[in-house]
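Content type PDB, C-alpha atoms, from the file my_file_18.pdb:
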```pdb
ATOM      1  CA  MET A 402     -45.791 -20.313  13.444  1.00  0.00           C
ATOM      2  CA  THR A 403     -47.986 -23.300  14.231  1.00  0.00           C
ATOM      3  CA  ALA A 404     -51.613 -23.348  13.164  1.00  0.00           C
ATOM      4  CA  PRO A 405     -54.155 -24.089  15.889  1.00  0.00           C
ATOM      5  CA  ALA A 406     -55.870 -27.454  15.841  1.00  0.00           C
ATOM      6  CA  GLU A 407     -59.053 -27.533  13.778  1.00  0.00           C
ATOM      7  CA  GLY A 408     -61.327 -27.741  16.805  1.00  0.00           C
ATOM      8  CA  GLN A 409     -59.511 -25.042  18.789  1.00  0.00           C
ATOM      9  CA  GLN A 410     -61.603 -21.936  19.339  1.00  0.00           C
ATOM     10  CA  HIS A 411     -60.545 -18.298  19.399  1.00  0.00           C
ATOM     11  CA  ALA A 412     -62.501 -15.229  20.309  1.00  0.00           C
ATOM     12  CA  ALA A 413     -61.540 -13.882  16.927  1.00  0.00           C
ATOM     13  CA  VAL A 414     -64.495 -12.132  15.382  1.00  0.00           C
ATOM     14  CA  LEU A 415     -63.248  -8.655  14.584  1.00  0.00           C
ATOM     15  CA  PRO A 416     -66.049  -6.179  13.912  1.00  0.00           C
ATOM     16  CA  GLN A 417     -65.228  -3.564  11.315  1.00  0.00           C
ATOM     17  CA  GLU A 418     -66.711  -1.674   8.434  1.00  0.00           C
ATOM     18  CA  GLN A 419     -67.712  -3.694   5.424  1.00  0.00           C
ATOM     19  CA  PRO A 420     -64.969  -3.474   2.782  1.00  0.00           C
ATOM     20  CA  GLU A 421     -65.794  -1.832  -0.524  1.00  0.00           C
ATOM     21  CA  GLY A 422     -67.268  -4.389  -2.902  1.00  0.00           C
ATOM     22  CA  ALA A 423     -68.034  -6.959  -0.199  1.00  0.00           C
ATOM     23  CA  VAL A 424     -71.124  -9.093  -0.638  1.00  0.00           C
ATOM     24  CA  SER A 425     -73.841  -8.014   1.726  1.00  0.00           C
ATOM     25  CA  ARG A 426     -75.931 -10.636   3.506  1.00  0.00           C
ATOM     26  CA  LYS A 427     -78.932  -9.125   1.693  1.00  0.00           C
ATOM     27  CA  GLU A 428     -77.317  -9.325  -1.738  1.00  0.00           C
ATOM     28  CA  GLU A 429     -76.794 -12.475  -3.761  1.00  0.00           C
ATOM     29  CA  PRO A 430     -74.616 -14.821  -1.682  1.00  0.00           C
ATOM     30  CA  HIS A 431     -71.608 -16.707  -3.002  1.00  0.00           C
ATOM     31  CA  GLY A 432     -72.393 -20.392  -3.319  1.00  0.00           C
ATOM     32  CA  ALA A 433     -69.829 -23.167  -3.322  1.00  0.00           C
ATOM     33  CA  GLY A 434     -69.496 -24.336  -6.890  1.00  0.00           C
ATOM     34  CA  GLN A 435     -70.155 -20.916  -8.422  1.00  0.00           C
ATOM     35  CA  VAL A 436     -67.461 -19.624 -10.739  1.00  0.00           C
ATOM     36  CA  LEU A 437     -65.560 -16.957  -8.818  1.00  0.00           C
ATOM     37  CA  GLN A 438     -65.354 -13.863 -10.996  1.00  0.00           C
ATOM     38  CA  PRO A 439     -63.390 -10.708 -10.278  1.00  0.00           C
ATOM     39  CA  VAL A 440     -65.446  -7.990  -8.633  1.00  0.00           C
ATOM     40  CA  GLY A 441     -64.099  -5.445 -11.133  1.00  0.00           C
ATOM     41  CA  GLU A 442     -62.349  -5.972 -14.433  1.00  0.00           C
ATOM     42  CA  ARG A 443     -59.064  -6.683 -12.702  1.00  0.00           C
ATOM     43  CA  GLY A 444     -60.304  -6.547  -9.151  1.00  0.00           C
ATOM     44  CA  PRO A 445     -60.071  -9.129  -6.412  1.00  0.00           C
ATOM     45  CA  THR A 446     -62.177 -12.278  -6.581  1.00  0.00           C
ATOM     46  CA  LEU A 447     -64.254 -13.505  -3.655  1.00  0.00           C
ATOM     47  CA  VAL A 448     -61.438 -15.913  -2.773  1.00  0.00           C
ATOM     48  CA  ASP A 449     -59.027 -12.947  -2.754  1.00  0.00           C
ATOM     49  CA  ARG A 450     -61.352 -11.210  -0.300  1.00  0.00           C
ATOM     50  CA  TYR A 451     -61.448 -14.362   1.824  1.00  0.00           C
ATOM     51  CA  TYR A 452     -57.631 -14.346   1.706  1.00  0.00           C
ATOM     52  CA  GLU A 453     -57.492 -10.721   2.861  1.00  0.00           C
ATOM     53  CA  ALA A 454     -59.718 -11.547   5.837  1.00  0.00           C
ATOM     54  CA  TRP A 455     -57.628 -14.662   6.610  1.00  0.00           C
ATOM     55  CA  ALA A 456     -54.378 -12.656   6.457  1.00  0.00           C
ATOM     56  CA  GLU A 457     -55.846  -9.889   8.631  1.00  0.00           C
ATOM     57  CA  LEU A 458     -57.079 -12.364  11.218  1.00  0.00           C
ATOM     58  CA  THR A 459     -53.793 -14.305  11.138  1.00  0.00           C
ATOM     59  CA  ASP A 460     -51.874 -11.088  11.812  1.00  0.00           C
ATOM     60  CA  LYS A 461     -54.279 -10.053  14.586  1.00  0.00           C
ATOM     61  CA  LEU A 462     -54.122 -13.438  16.346  1.00  0.00           C
ATOM     62  CA  GLY A 463     -50.438 -14.119  15.714  1.00  0.00           C
ATOM     63  CA  ALA A 464     -51.435 -17.579  14.425  1.00  0.00           C
ATOM     64  CA  GLU A 465     -53.626 -18.935  11.682  1.00  0.00           C
ATOM     65  CA  PRO A 466     -57.319 -18.762  12.626  1.00  0.00           C
ATOM     66  CA  ASP A 467     -59.582 -21.751  12.870  1.00  0.00           C
ATOM     67  CA  VAL A 468     -61.825 -21.917   9.784  1.00  0.00           C
ATOM     68  CA  GLN A 469     -64.944 -21.426  11.934  1.00  0.00           C
ATOM     69  CA  ASP A 470     -63.423 -18.212  13.302  1.00  0.00           C
ATOM     70  CA  LEU A 471     -62.677 -17.091   9.739  1.00  0.00           C
ATOM     71  CA  SER A 472     -66.265 -17.868   8.730  1.00  0.00           C
ATOM     72  CA  ASP A 473     -67.521 -15.784  11.662  1.00  0.00           C
ATOM     73  CA  HIS A 474     -65.112 -12.967  10.794  1.00  0.00           C
ATOM     74  CA  LEU A 475     -66.314 -12.906   7.178  1.00  0.00           C
ATOM     75  CA  TRP A 476     -69.931 -12.870   8.404  1.00  0.00           C
ATOM     76  CA  VAL A 477     -69.218  -9.818  10.565  1.00  0.00           C
ATOM     77  CA  ARG A 478     -67.622  -8.171   7.507  1.00  0.00           C
ATOM     78  CA  GLY A 479     -70.862  -8.752   5.579  1.00  0.00           C
ATOM     79  CA  MET A 480     -69.842 -11.721   3.453  1.00  0.00           C
ATOM     80  CA  ALA A 481     -72.414 -14.500   3.244  1.00  0.00           C
ATOM     81  CA  GLY A 482     -72.375 -17.992   1.848  1.00  0.00           C
ATOM     82  CA  ARG A 483     -74.936 -20.112   0.058  1.00  0.00           C
ATOM     83  CA  GLY A 484     -78.458 -19.339   1.154  1.00  0.00           C
ATOM     84  CA  GLY A 485     -77.395 -16.109   2.858  1.00  0.00           C
ATOM     85  CA  GLY A 486     -75.833 -17.784   5.895  1.00  0.00           C
ATOM     86  CA  ARG A 487     -72.256 -17.966   7.055  1.00  0.00           C
ATOM     87  CA  ILE A 488     -69.643 -19.210   4.588  1.00  0.00           C
ATOM     88  CA  SER A 489     -69.074 -22.874   5.299  1.00  0.00           C
ATOM     89  CA  PRO A 490     -65.787 -23.768   7.012  1.00  0.00           C
ATOM     90  CA  SER A 491     -65.390 -26.578   4.467  1.00  0.00           C
ATOM     91  CA  THR A 492     -65.516 -23.989   1.666  1.00  0.00           C
ATOM     92  CA  LEU A 493     -62.784 -21.942   3.348  1.00  0.00           C
ATOM     93  CA  ARG A 494     -60.675 -24.969   4.280  1.00  0.00           C
ATOM     94  CA  ARG A 495     -59.996 -25.833   0.627  1.00  0.00           C
ATOM     95  CA  TYR A 496     -58.177 -22.520   0.061  1.00  0.00           C
ATOM     96  CA  ARG A 497     -55.873 -22.430   3.096  1.00  0.00           C
ATOM     97  CA  MET A 498     -52.820 -24.174   1.634  1.00  0.00           C
ATOM     98  CA  GLY A 499     -52.867 -21.850  -1.381  1.00  0.00           C
ATOM     99  CA  TRP A 500     -53.138 -18.834   0.930  1.00  0.00           C
ATOM    100  CA  ARG A 501     -50.176 -20.059   2.962  1.00  0.00           C
ATOM    101  CA  ILE A 502     -48.062 -20.495  -0.170  1.00  0.00           C
ATOM    102  CA  TYR A 503     -49.225 -17.167  -1.596  1.00  0.00           C
ATOM    103  CA  ARG A 504     -48.313 -15.356   1.595  1.00  0.00           C
ATOM    104  CA  VAL A 505     -44.671 -16.526   1.540  1.00  0.00           C
ATOM    105  CA  TRP A 506     -44.496 -15.893  -2.229  1.00  0.00           C
ATOM    106  CA  ALA A 507     -45.845 -12.324  -1.854  1.00  0.00           C
ATOM    107  CA  ARG A 508     -43.526 -11.554   1.064  1.00  0.00           C
ATOM    108  CA  TYR A 509     -40.588 -12.697  -1.039  1.00  0.00           C
ATOM    109  CA  LEU A 510     -41.665 -10.272  -3.793  1.00  0.00           C
ATOM    110  CA  GLU A 511     -41.884  -7.426  -1.298  1.00  0.00           C
ATOM    111  CA  ASP A 512     -38.483  -8.262   0.212  1.00  0.00           C
ATOM    112  CA  HIS A 513     -36.791  -8.583  -3.212  1.00  0.00           C
ATOM    113  CA  ASP A 514     -38.055  -5.474  -5.047  1.00  0.00           C
ATOM    114  CA  GLY A 515     -40.716  -7.347  -7.001  1.00  0.00           C
ATOM    115  CA  ALA A 516     -38.515 -10.255  -8.101  1.00  0.00           C
ATOM    116  CA  GLU A 517     -40.307 -13.594  -7.887  1.00  0.00           C
ATOM    117  CA  PRO A 518     -38.720 -16.550  -6.149  1.00  0.00           C
ATOM    118  CA  SER A 519     -37.640 -19.390  -8.406  1.00  0.00           C
ATOM    119  CA  LEU A 520     -39.617 -22.604  -7.966  1.00  0.00           C
ATOM    120  CA  GLY A 521     -36.654 -24.006  -6.027  1.00  0.00           C
ATOM    121  CA  GLU A 522     -36.645 -20.983  -3.712  1.00  0.00           C
ATOM    122  CA  LEU A 523     -40.417 -21.224  -3.263  1.00  0.00           C
ATOM    123  CA  GLU A 524     -40.079 -24.926  -2.461  1.00  0.00           C
ATOM    124  CA  GLU A 525     -37.526 -24.049   0.245  1.00  0.00           C
ATOM    125  CA  LEU A 526     -39.681 -21.220   1.614  1.00  0.00           C
ATOM    126  CA  CYS A 527     -42.620 -23.602   1.926  1.00  0.00           C
ATOM    127  CA  ALA A 528     -40.416 -26.125   3.749  1.00  0.00           C
ATOM    128  CA  GLU A 529     -39.134 -23.385   6.107  1.00  0.00           C
ATOM    129  CA  HIS A 530     -42.713 -22.363   6.901  1.00  0.00           C
ATOM    130  CA  ALA A 531     -43.901 -25.969   7.319  1.00  0.00           C
ATOM    131  CA  ILE A 532     -46.299 -25.686   4.375  1.00  0.00           C
ATOM    132  CA  ARG A 533     -46.922 -29.261   3.298  1.00  0.00           C
ATOM    133  CA  SER A 534     -49.603 -31.153   1.426  1.00  0.00           C
ATOM    134  CA  LYS A 535     -52.675 -32.461   3.242  1.00  0.00           C
ATOM    135  CA  GLY A 536     -52.875 -29.558   5.661  1.00  0.00           C
ATOM    136  CA  GLY A 537     -49.330 -29.962   6.923  1.00  0.00           C
ATOM    137  CA  ARG A 538     -49.580 -33.709   7.488  1.00  0.00           C
ATOM    138  CA  GLY A 539     -48.442 -34.776   4.028  1.00  0.00           C
ATOM    139  CA  GLU A 540     -45.386 -34.621   1.846  1.00  0.00           C
ATOM    140  CA  ARG A 541     -43.140 -31.653   1.269  1.00  0.00           C
ATOM    141  CA  LEU A 542     -44.426 -29.567  -1.635  1.00  0.00           C
ATOM    142  CA  ALA A 543     -42.386 -29.991  -4.792  1.00  0.00           C
ATOM    143  CA  GLN A 544     -41.797 -27.598  -7.669  1.00  0.00           C
ATOM    144  CA  PRO A 545     -44.519 -29.141  -9.905  1.00  0.00           C
ATOM    145  CA  ASP A 546     -47.038 -28.667  -7.056  1.00  0.00           C
ATOM    146  CA  LEU A 547     -46.075 -25.015  -6.764  1.00  0.00           C
ATOM    147  CA  ALA A 548     -45.877 -24.164 -10.473  1.00  0.00           C
ATOM    148  CA  GLY A 549     -49.641 -24.503 -10.868  1.00  0.00           C
ATOM    149  CA  HIS A 550     -50.239 -21.694  -8.375  1.00  0.00           C
ATOM    150  CA  LEU A 551     -48.107 -19.005 -10.000  1.00  0.00           C
ATOM    151  CA  THR A 552     -50.622 -17.644 -12.530  1.00  0.00           C
ATOM    152  CA  ASP A 553     -53.221 -17.110  -9.809  1.00  0.00           C
ATOM    153  CA  PHE A 554     -50.602 -15.665  -7.429  1.00  0.00           C
ATOM    154  CA  ARG A 555     -49.564 -13.083 -10.020  1.00  0.00           C
ATOM    155  CA  ARG A 556     -53.199 -12.167 -10.687  1.00  0.00           C
ATOM    156  CA  ARG A 557     -53.992 -11.931  -6.964  1.00  0.00           C
ATOM    157  CA  TYR A 558     -50.930  -9.836  -6.225  1.00  0.00           C
ATOM    158  CA  ALA A 559     -51.841  -7.389  -9.001  1.00  0.00           C
ATOM    159  CA  ALA A 560     -55.478  -7.239  -7.864  1.00  0.00           C
ATOM    160  CA  LEU A 561     -54.648  -6.683  -4.188  1.00  0.00           C
ATOM    161  CA  THR A 562     -51.717  -4.318  -4.567  1.00  0.00           C
ATOM    162  CA  GLY A 563     -52.708  -2.490  -7.739  1.00  0.00           C
ATOM    163  CA  ARG A 564     -49.317  -3.346  -9.305  1.00  0.00           C
TER     164      ARG A 564
END
```
Any chance you could give the structure as structure tokens?
Amino acid sequence: MTAPAEGQQHAAVLPQEQPEGAVSRKEEPHGAGQVLQPVGERGPTLVDRYYEAWAELTDKLGAEPDVQDLSDHLWVRGMAGRGGGRISPSTLRRYRMGWRIYRVWARYLEDHDGAEPSLGELEELCAEHAIRSKGGRGERLAQPDLAGHLTDFRRRYAALTGR
């Protein structure tokens, strides 16, 4: 699946009910640079909620959404950024590669009865899905690049699936 160019627009804002625990535009907004804490003791972080919206929108569109479309989608879901406005596309952009890697990692777990891929297998999965450094324009991701993500992936998977 090829991601749309950064400037490409989609009519992708999907209205829906605000998810439980989402930050309302009238509540304290998430600011870039704030420490992202879990909503509950072991619940999803704000970045996990951004990931859920990104994954939902990716599935709906059949391709990865433009970060502006994701910002708009989060706004419709009641999630605000610094100052109560829309979450900045630059804030969302920094998480995309991790979300891409997490998605193939989590699918592997689901397809293999909860067994994690080895770093070598994850490296190959990333190559198969064209997940590379620098937003797809850089080098192939290597095992040391991927190893640093695993602790957060395990936490996110547990928080989002309840496992």
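Of note, atom CA of A:Arg501 and atom CA of A:Leu526 are spaced 10.6 Å apart.
Proximity to A:Ala559 was assessed for A:Gly521, A:Pro466, A:Gly499, A:Gly515 counting only C-alpha atoms; the smallest distance is recorded for A:Gly515.
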Any chance you could work out the residue set of the PyMOL selection byres ((chain A and resi 498) around 12) here, as a PDB file with C-alpha atoms, keeping the file's coordinate frame?
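That gives us out_8.pdb:
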```
ATOM      1  CA  ALA A 404     -51.613 -23.348  13.164  1.00  0.00           C
ATOM      2  CA  TYR A 452     -57.631 -14.346   1.706  1.00  0.00           C
ATOM      3  CA  TRP A 455     -57.628 -14.662   6.610  1.00  0.00           C
ATOM      4  CA  GLU A 465     -53.626 -18.935  11.682  1.00  0.00           C
ATOM      5  CA  LEU A 493     -62.784 -21.942   3.348  1.00  0.00           C
ATOM      6  CA  ARG A 494     -60.675 -24.969   4.280  1.00  0.00           C
ATOM      7  CA  ARG A 495     -59.996 -25.833   0.627  1.00  0.00           C
ATOM      8  CA  TYR A 496     -58.177 -22.520   0.061  1.00  0.00           C
ATOM      9  CA  ARG A 497     -55.873 -22.430   3.096  1.00  0.00           C
ATOM     10  CA  GLY A 499     -52.867 -21.850  -1.381  1.00  0.00           C
ATOM     11  CA  TRP A 500     -53.138 -18.834   0.930  1.00  0.00           C
ATOM     12  CA  ARG A 501     -50.176 -20.059   2.962  1.00  0.00           C
ATOM     13  CA  ILE A 502     -48.062 -20.495  -0.170  1.00  0.00           C
ATOM     14  CA  TYR A 503     -49.225 -17.167  -1.596  1.00  0.00           C
ATOM     15  CA  ARG A 504     -48.313 -15.356   1.595  1.00  0.00           C
ATOM     16  CA  VAL A 505     -44.671 -16.526   1.540  1.00  0.00           C
ATOM     17  CA  CYS A 527     -42.620 -23.602   1.926  1.00  0.00           C
ATOM     18  CA  HIS A 530     -42.713 -22.363   6.901  1.00  0.00           C
ATOM     19  CA  ALA A 531     -43.901 -25.969   7.319  1.00  0.00           C
ATOM     20  CA  ILE A 532     -46.299 -25.686   4.375  1.00  0.00           C
ATOM     21  CA  ARG A 533     -46.922 -29.261   3.298  1.00  0.00           C
ATOM     22  CA  SER A 534     -49.603 -31.153   1.426  1.00  0.00           C
ATOM     23  CA  LYS A 535     -52.675 -32.461   3.242  1.00  0.00           C
ATOM     24  CA  GLY A 536     -52.875 -29.558   5.661  1.00  0.00           C
ATOM     25  CA  GLY A 537     -49.330 -29.962   6.923  1.00  0.00           C
ATOM     26  CA  ARG A 538     -49.580 -33.709   7.488  1.00  0.00           C
ATOM     27  CA  GLY A 539     -48.442 -34.776   4.028  1.00  0.00           C
ATOM     28  CA  LEU A 542     -44.426 -29.567  -1.635  1.00  0.00           C
ATOM     29  CA  ASP A 546     -47.038 -28.667  -7.056  1.00  0.00           C
ATOM     30  CA  LEU A 547     -46.075 -25.015  -6.764  1.00  0.00           C
ATOM     31  CA  HIS A 550     -50.239 -21.694  -8.375  1.00  0.00           C
TER      32      HIS A 550
END
```
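The space separating atom CA of A:Glu525 from atom CA of A:Arg541 comes to 9.5 Å.
The spacing separating atom CA of A:Ser472 from atom CA of A:Arg508 amounts to 24.8 Å.
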Exercise. Just so the selection is clear, what residues does the PyMOL selection byres ((chain A and resi 487-490) around 9) cover here, as a PyMOL selection string?
Worked result: chain A and resi 426+431-433+467-473+475-476+480-486+491-495
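For the choices A:Ala507, A:Arg556, A:Leu447, A:Ala543, the atom-to-atom distance to A:Leu520 is smallest for A:Ala543 when using only C-alpha atoms.
Comparing A:Ala516, A:Leu523, A:Leu510, A:Ala548 by their smallest distance to A:Thr562, the closest is A:Leu510 (using all atoms listed in the file).
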- Message: Using the chain letters and numbers from this file, what does the PyMOL selection byres ((chain A and resi 557) around 10) select? Give the answer as a ChimeraX atom specification.
- Response: /A:443-446,448-450,452,503,507,551-556,558-563
